[in-house]
Amino acid sequence: MSNETAPLLSRAAEAVYWMARYIERAENVARFIDVNLHLQLDLPLEPAHQWQPLIDTSGDASTYLERHGKAKKSTVIKFLVWETKNLNSISSCLRAARENARSVREIISSEMWEQVNSMYLKIQTQRALAESERLPEILRAIRLGCHMFEGITDSTMSYNEAWHFLRLGRQLERADKTSRILDVKYFMLLPSANSVGTPYDDIHWAAVLKSVSGFEMYRKKHGRIAPRSIVEFLVLDREFPRAIRHCLRAADESLHAITGTPMGSCHYPSERTLAPLRAELDYTPVESIINQGLHEYLDALQGRMNTIDDGLARDFFHAAPDDLPAAEGDAA
Amino acid sequence: MELNSYQTDGFYDEVFDTDGKAREEARLLLETIESLEDGELLRCQRVAEALLLQMGITFNVYGDSAGTERIFPFDLIPRIVTAEEWDWVERGLKQRIHALNEFIDDIYHDQKILKDKVIPEEIIKSATFYRPQCRGVNPPGRVWCHITGTDLVRHGDGQIYVLEDNLRVPSGVSYVLENRDLMKRTFPRVFAGLKVRPVDIYPSKLLEMLESIAPPHAANKPTVVLLTPGMYNSAYFEHSFLAQRMGIQLVEGRDLVVQDGYVCMRTTKGLRRVDVIYRRLDDDFLDPQVFRPDSLLGVPGIMDVYRAGKVSLANAPGNGVADDKVVYAYVPDMIRYYEGAEPILPNVPTYLCWRDADRQHVLQNLDKLVVKSANEAGGYGMLVGPHSTAAQREEFAAKITEKPRNYIAQPTLALSRVPTLIEDKLEGRHVDLRPYILYGKEIYVLPGGLTRVALRKGSLVVNSSQGGGSKDTWVLAPTEGGAGNEQ
């Protein structure tokens with residue numbers, strides 16, 4: 001092969017990164033909706049408040065309000081699953097993931113491409129079933145499909161530069177989604193946060209954990225449902241794959257693998273944003289987060305994660321030729 | 001499956017002879033098909049189509065609503081070519097490509113063939129794809145046509161003719177490989193007992209050829225890339241497929257930049273030099289500083305680098321001069337001129353409308369002839385006389401009279417047919433054959449090719465944009481002591 005050491009094209013790096021983010025986003029939205037559908041069955045008496053948090057978590061609350069007004073089950077589901085005008089709906093995410101995958105088909109494995117492609121083709125045919133009883137089944141298939149994509153990725157693609165960009169996208173998206181669901185739900189449940197947990201609160205908090213597939217793992221580690229422990233688990237846990245700390249550690253590892261900078265030192269601006277954030281999470285006690293206010297903390301965290309995203313674009317995706325090191329070797 | 005009702009309708013059939021008996025090379029295949037239960041073939045066909053969709057083997061349809069993707073219909077009944085016939089085709093193609101390459105090199109240098117009045121100079125000067133910007137360029141090894149996809153057709157007389165040379169940016173080879181793959185996945189039993197020559201070797205041969213034309217400074221370890229117009233191009237699948245199979249990078253114009261006299265690609269680690277570009281972009285779009293200034297798909301300044309010999313381009317810009325259908329008519333003369341030999345593969349007899357006598361004949365026989373625009377491909381700009389309306393003939397008569405240089409005409413060929421699955425029965429459909437030829441250090445012909453089939457009953461137009469499909473093409477290996485000498 002003539003190109004075994006050639007670095008990735010900037011355009012391809014960006015496409016792989018966004019492909020992974022969109023798959024992860026689709027999976028998260030599917031899970032959030034599914035959990036909410038279950039929650040609704042447990043708490044039939046308060047339907048009015050159940051769907052707005054989902055819109056808030058998506059980050060597209062103002063778009064939704066403008067187009068659909070009040071959060072009703074049917075419109076929320078349409079907005080989050082099917083709406084093509086909503087660029088973050090599951091359907092749009094899968095389309096975007098596929099478009100990105102299509103543009104790097106020669107970089108990812110054929111198996112990965114076929115998986116994204118068939119997920120996309122499938123959801124197109126299911127559009128007609130939007131309001132049917134089959135929704136939970138469809139959502140489950142999407143989650144499984146995304147998990148399968150992750151598994152196929154990790155078992156068919158070399159852990160090369162492109163894979164690290166992919167993992168970077170996946171982990172940053174995951175951290176973002178965990179922080180959002182925690183933020184929104186905590187805010188909602190705040191009045192009761194210091195009171196003794198009622199069964200009612202338990203159901204809500206369990207739903208938060210289930211939204212990030214964390215209920216079982218939480219139980220093993222912390223046992224009783226307690227807001228403080230939940231915050232600790234979802235923000236600071238080292239081992240749980242959707243805990244923000246875990247995600248940022250994995251992202252940082254991949255970023256260093258891409259740049260070749262040894263762990264613990266920084267060379268690129270994007271590293272200078274990610275590495276300190278990761279270090280902070282390693283040493284922050286949960287009390288300090290709760291004392292400064294979880295919402296304020298998570299808000300600041302999301303802001304800093306967006307900065308990482310901008311940094312990646314500047315460092316790797318859209319660098320102007322003049323900013324880049326000149327061609328090497330005998331080309332000079 | 002019952003085959004008794006199959007009709008050859010007086011056409012040359014690739015599977016049955018004139019008495020309706022199976023040709024020897026097709027006998028095993030037919031036995032297999034006959035042993036299938038009713039509906040089995042159709043089921044395999046459906047499986048194959050579903051696979052195509054899932055694998056995303058689709059092409060984009062121009063002029064259709066944005067982003068429409070279709071599969072290129074695939075038919076399960078292969079076309080079979082005997083070893084003897086292939087040996088002859090291969091020799092004919094090598095001779096033809098060699099002569100065409102000599103011609104292009106001559107046109108951009110001394111123009112001996114024009115000075116010797118074998119081809120009229122005004123034909124070349126007025127050829128759409130003649131590029132004065134390429135005068136004096138010396139591509140490595142003086143090869144201009146690295147990848148060719150020659151269109152061959154068999155007429156009712158049983159003779160194979162060259163219909164078009166397709167020197168510029170021929171496409172379709174990915175379907176040759178995918179069709180074989182699909183055949184093996186959905187219908188493995190038909191291969192039993194037949195020695196079909198493999199086609200999988202193509203990407204290796206292509207990469208080898210591309211590396212062999214690297215500029216001298218990069219001869220040791222050239223960086224080869226494939227330049228695509230982007231994912232909305234109709235052949236994008238093929239671009240990514242070939243890049244993947246060769247393990248090279250697939251780049252777009254915006255990924256490339258000219259710096260310090262070299263072509264470089266933008267990577268996450270800065271700029272990296274590129275040495276050989278397999279470009280799937282027409283000349284027109286390659287360099288806005290030299291060709292079309294409004295092109296956003298190309299790389300400004302790339303032609304300067306190319307002329308300086310610091311990057312190699314395959315195919316070489318300017319080689320389309322020989323794709324002009326008027327120039328095509330002179331290929332037999334070129335072969336005699338450069339090779340000193342008679343052409344092995346004949347041309348289809350061609351009337352050149354700029355000759356007064358030819359034009360008269362064409363205008364009087366529009367209802368019998370096929371009229372083609374000299375510089376269009378894909379089945380566009382074409383009149384099939386026997387299938388045309390009076391209004392269409394009038395339109396073409398006006399066009400021909402106005403710009404005779406731009407039109408040629410040929411007799412309507414009775415293209416040979418191959419049994420094709422229509423609904424759940426086999427019916428004869430017309431086919432052509434596009435073999436692929438690589439030219440680097442030497443000329444290589446892939447043993448196989450793209451058999452395109454006109455799926456509409458009676459249609460002679462096989463292009464994918466006009467309702468065509470494709471078939472696997474089986475070139476049989478020579479038996480002991482037979483023709484051919486490849487491993």
# chains A, B, ... in the order shown; residues from 1 in each chain; ligands from 1

$ residues_around --residues "Ser109 in chain A" --least-positions-apart "6" --cutoff "12 Å" --atoms "only C-alpha atoms" --output "NGL selection string"
(:A and (16 or 101-102 or 115-116 or 149 or 152-159 or 162-163)) or (:B and (55 or 240-241 or 244-245 or 247))

$ write_last_selection --atoms "N, CA and C atoms" --output "CSV table (one decimal), in the first residue's frame"
chain,number,residue,atom,x,y,z
A,16,VAL,N,-16.2,11.8,9.7
A,16,VAL,CA,-16.2,10.6,10.6
A,16,VAL,C,-16.6,11.1,12.0
A,101,ALA,N,-21.3,9.1,6.4
A,101,ALA,CA,-20.7,7.8,6.1
A,101,ALA,C,-20.4,7.6,4.6
A,102,ARG,N,-21.4,8.1,3.9
A,102,ARG,CA,-21.2,7.9,2.4
A,102,ARG,C,-20.0,8.7,1.9
A,115,GLN,N,-24.5,-1.0,7.8
A,115,GLN,CA,-25.3,-0.8,9.0
A,115,GLN,C,-26.0,0.6,9.0
A,116,VAL,N,-25.2,1.6,8.8
A,116,VAL,CA,-25.8,3.0,8.7
A,116,VAL,C,-26.9,3.0,7.6
A,149,PHE,N,-24.0,-0.6,15.5
A,149,PHE,CA,-23.0,0.2,14.7
A,149,PHE,C,-21.7,0.4,15.5
A,152,ILE,N,-19.9,-3.0,15.6
A,152,ILE,CA,-19.3,-3.2,14.3
A,152,ILE,C,-18.1,-2.3,14.1
A,153,THR,N,-18.2,-1.1,14.5
A,153,THR,CA,-17.1,-0.1,14.4
A,153,THR,C,-15.9,-0.7,15.1
A,154,ASP,N,-16.1,-1.1,16.4
A,154,ASP,CA,-15.0,-1.4,17.2
A,154,ASP,C,-14.4,-2.8,16.9
A,155,SER,N,-15.2,-3.6,16.1
A,155,SER,CA,-14.6,-4.9,15.8
A,155,SER,C,-14.3,-5.0,14.3
A,156,THR,N,-14.5,-4.0,13.5
A,156,THR,CA,-14.1,-4.2,12.0
A,156,THR,C,-13.2,-3.0,11.6
A,157,MET,N,-13.0,-2.0,12.4
A,157,MET,CA,-12.2,-0.9,11.9
A,157,MET,C,-10.9,-0.8,12.7
A,158,SER,N,-9.8,-0.6,12.0
A,158,SER,CA,-8.6,-0.4,12.7
A,158,SER,C,-8.7,0.8,13.7
A,159,TYR,N,-8.0,0.7,14.8
A,159,TYR,CA,-8.0,1.8,15.7
A,159,TYR,C,-7.0,2.8,15.3
A,162,ALA,N,-8.7,7.7,12.0
A,162,ALA,CA,-10.1,8.0,11.7
A,162,ALA,C,-11.0,7.4,12.9
A,163,TRP,N,-10.6,6.2,13.4
A,163,TRP,CA,-11.3,5.6,14.5
A,163,TRP,C,-11.3,6.6,15.7
B,55,MET,N,-26.3,-2.5,0.3
B,55,MET,CA,-24.9,-2.2,0.2
B,55,MET,C,-24.8,-0.8,-0.3
B,240,SER,N,-15.8,5.8,-4.6
B,240,SER,CA,-15.4,5.3,-3.2
B,240,SER,C,-15.1,3.8,-3.2
B,241,PHE,N,-15.8,3.1,-4.0
B,241,PHE,CA,-15.5,1.7,-4.1
B,241,PHE,C,-14.0,1.4,-4.6
B,244,GLN,N,-11.5,2.5,-2.0
B,244,GLN,CA,-11.5,1.5,-0.9
B,244,GLN,C,-10.7,0.3,-1.3
B,245,ARG,N,-11.0,-0.2,-2.5
B,245,ARG,CA,-10.4,-1.5,-2.9
B,245,ARG,C,-8.9,-1.3,-3.1
B,247,GLY,N,-7.1,1.0,-1.4
B,247,GLY,CA,-6.5,1.5,-0.2
B,247,GLY,C,-5.9,2.9,-0.4

$ interface_residues --of "chain B" --to "chain A" --cutoff "7 Å" --atoms "only C-alpha atoms" --output "ChimeraX atom specification"
/B:54-56,221-223,231,240-241,243-244,247-248,260,262,266-273

$ residues_around --residues "Ala409 in chain B" --least-positions-apart "6" --cutoff "9 Å" --atoms "only C-alpha atoms" --output "list in words"
Pro349, Thr350, Tyr351, Leu352, Cys353, Asp358, Arg359, Val362, Leu366, Leu369, Val370, Val371, Lys372 and Ser373 of chain B

$ closest_residue --among "A:Glu137, A:Asp56, A:Glu173, A:Glu232" --to "Ile290 in chain A" --atoms "only C-alpha atoms"
A:Glu232

$ residues_around --residues "range 209-213 of chain B" --least-positions-apart "5" --cutoff "10 Å" --atoms "only C-alpha atoms" --output "ChimeraX atom specification"
/A:2 /B:139-143,146-147,203-204,218-225,275-278,311-315,438-444

$ select_by_dssp --residues "range 96-254 of chain B" --states "helix (DSSP H, G or I)" --output "PyMOL selection string"
chain B and resi 96-107+112-115+121-125+132-134+140-142+173-186+188-191+202-212+216-218+236-246+253-254

$ write_last_selection --atoms "C-alpha atoms" --output "compact mmCIF listing (two decimals), in the first residue's frame"
# COMPACT_ATOMS: atom_id res chain seq x y z
CA ARG B 96 -6.58 -0.30 -30.91
CA ILE B 97 -5.55 1.32 -27.61
CA HIS B 98 -1.93 1.37 -28.66
CA ALA B 99 -2.81 3.14 -31.91
CA LEU B 100 -5.14 5.60 -30.18
CA ASN B 101 -2.42 6.48 -27.70
CA GLU B 102 0.10 7.04 -30.50
CA PHE B 103 -2.46 9.24 -32.20
CA ILE B 104 -3.10 11.42 -29.14
CA ASP B 105 0.62 11.81 -28.49
CA ASP B 106 1.13 12.74 -32.14
CA ILE B 107 -1.73 15.28 -32.10
CA LYS B 112 2.44 13.82 -38.40
CA ILE B 113 -0.87 12.15 -39.14
CA LEU B 114 -2.36 15.52 -40.09
CA LYS B 115 0.66 16.52 -42.17
CA GLU B 121 -6.69 18.92 -39.83
CA GLU B 122 -9.99 20.81 -39.50
CA ILE B 123 -11.58 17.76 -37.87
CA ILE B 124 -9.07 17.92 -35.02
CA LYS B 125 -9.18 21.71 -34.70
CA PRO B 132 -4.60 23.23 -27.27
CA GLN B 133 -3.46 23.68 -23.64
CA CYS B 134 -2.03 20.15 -23.80
CA PRO B 140 5.15 9.70 -18.11
CA GLY B 141 5.89 6.97 -20.65
CA ARG B 142 3.94 9.09 -23.16
CA VAL B 173 -16.00 -1.16 -13.68
CA SER B 174 -17.25 -1.30 -10.08
CA TYR B 175 -20.38 -3.01 -11.39
CA VAL B 176 -18.23 -5.64 -13.06
CA LEU B 177 -16.80 -6.53 -9.66
CA GLU B 178 -20.02 -6.13 -7.72
CA ASN B 179 -22.06 -8.11 -10.24
CA ARG B 180 -19.67 -11.03 -9.90
CA ASP B 181 -19.84 -10.75 -6.14
CA LEU B 182 -23.62 -10.63 -6.23
CA MET B 183 -23.75 -13.64 -8.55
CA LYS B 184 -21.62 -15.64 -6.13
CA ARG B 185 -23.73 -14.58 -3.17
CA THR B 186 -27.16 -15.20 -4.65
CA PRO B 188 -23.55 -19.83 -6.52
CA ARG B 189 -24.62 -23.06 -8.17
CA VAL B 190 -24.44 -21.72 -11.71
CA PHE B 191 -20.67 -21.50 -11.47
CA TYR B 202 -8.76 -5.25 -11.25
CA PRO B 203 -8.09 -2.91 -8.27
CA SER B 204 -4.58 -4.35 -7.85
CA LYS B 205 -3.86 -3.93 -11.54
CA LEU B 206 -5.24 -0.40 -11.46
CA LEU B 207 -3.10 0.59 -8.46
CA GLU B 208 -0.05 -1.00 -10.03
CA MET B 209 -0.65 1.00 -13.19
CA LEU B 210 -1.19 4.25 -11.28
CA GLU B 211 1.99 3.77 -9.26
CA SER B 212 3.91 3.02 -12.44
CA PRO B 216 10.38 10.54 -11.12
CA HIS B 217 10.75 12.33 -7.76
CA ALA B 218 8.16 10.01 -6.22
CA TYR B 236 -19.79 8.40 -6.64
CA PHE B 237 -20.32 4.83 -5.53
CA GLU B 238 -17.69 3.68 -7.98
CA HIS B 239 -15.22 6.33 -6.85
CA SER B 240 -15.43 5.33 -3.21
CA PHE B 241 -15.47 1.65 -4.14
CA LEU B 242 -12.26 1.86 -6.15
CA ALA B 243 -10.52 4.04 -3.56
CA GLN B 244 -11.47 1.53 -0.88
CA ARG B 245 -10.35 -1.48 -2.88
CA MET B 246 -7.02 0.17 -3.70
CA GLY B 253 -11.13 19.34 -5.38
CA ARG B 254 -11.48 21.29 -2.13

$ select_by_dssp --residues "range 152-217 of chain B" --states "strand (DSSP E or B)" --output "list in words"
Leu152, Val153, Arg154, Ile160, Tyr161, Val162, Leu163, Glu164 and Val196 of chain B

$ residues_around --residues "Leu209 in chain A" --least-positions-apart "6" --cutoff "10 Å" --atoms "only C-alpha atoms" --output "VMD selection string"
chain A and resid 35 178 181 to 182 203 215 to 219 225 230 233 to 234
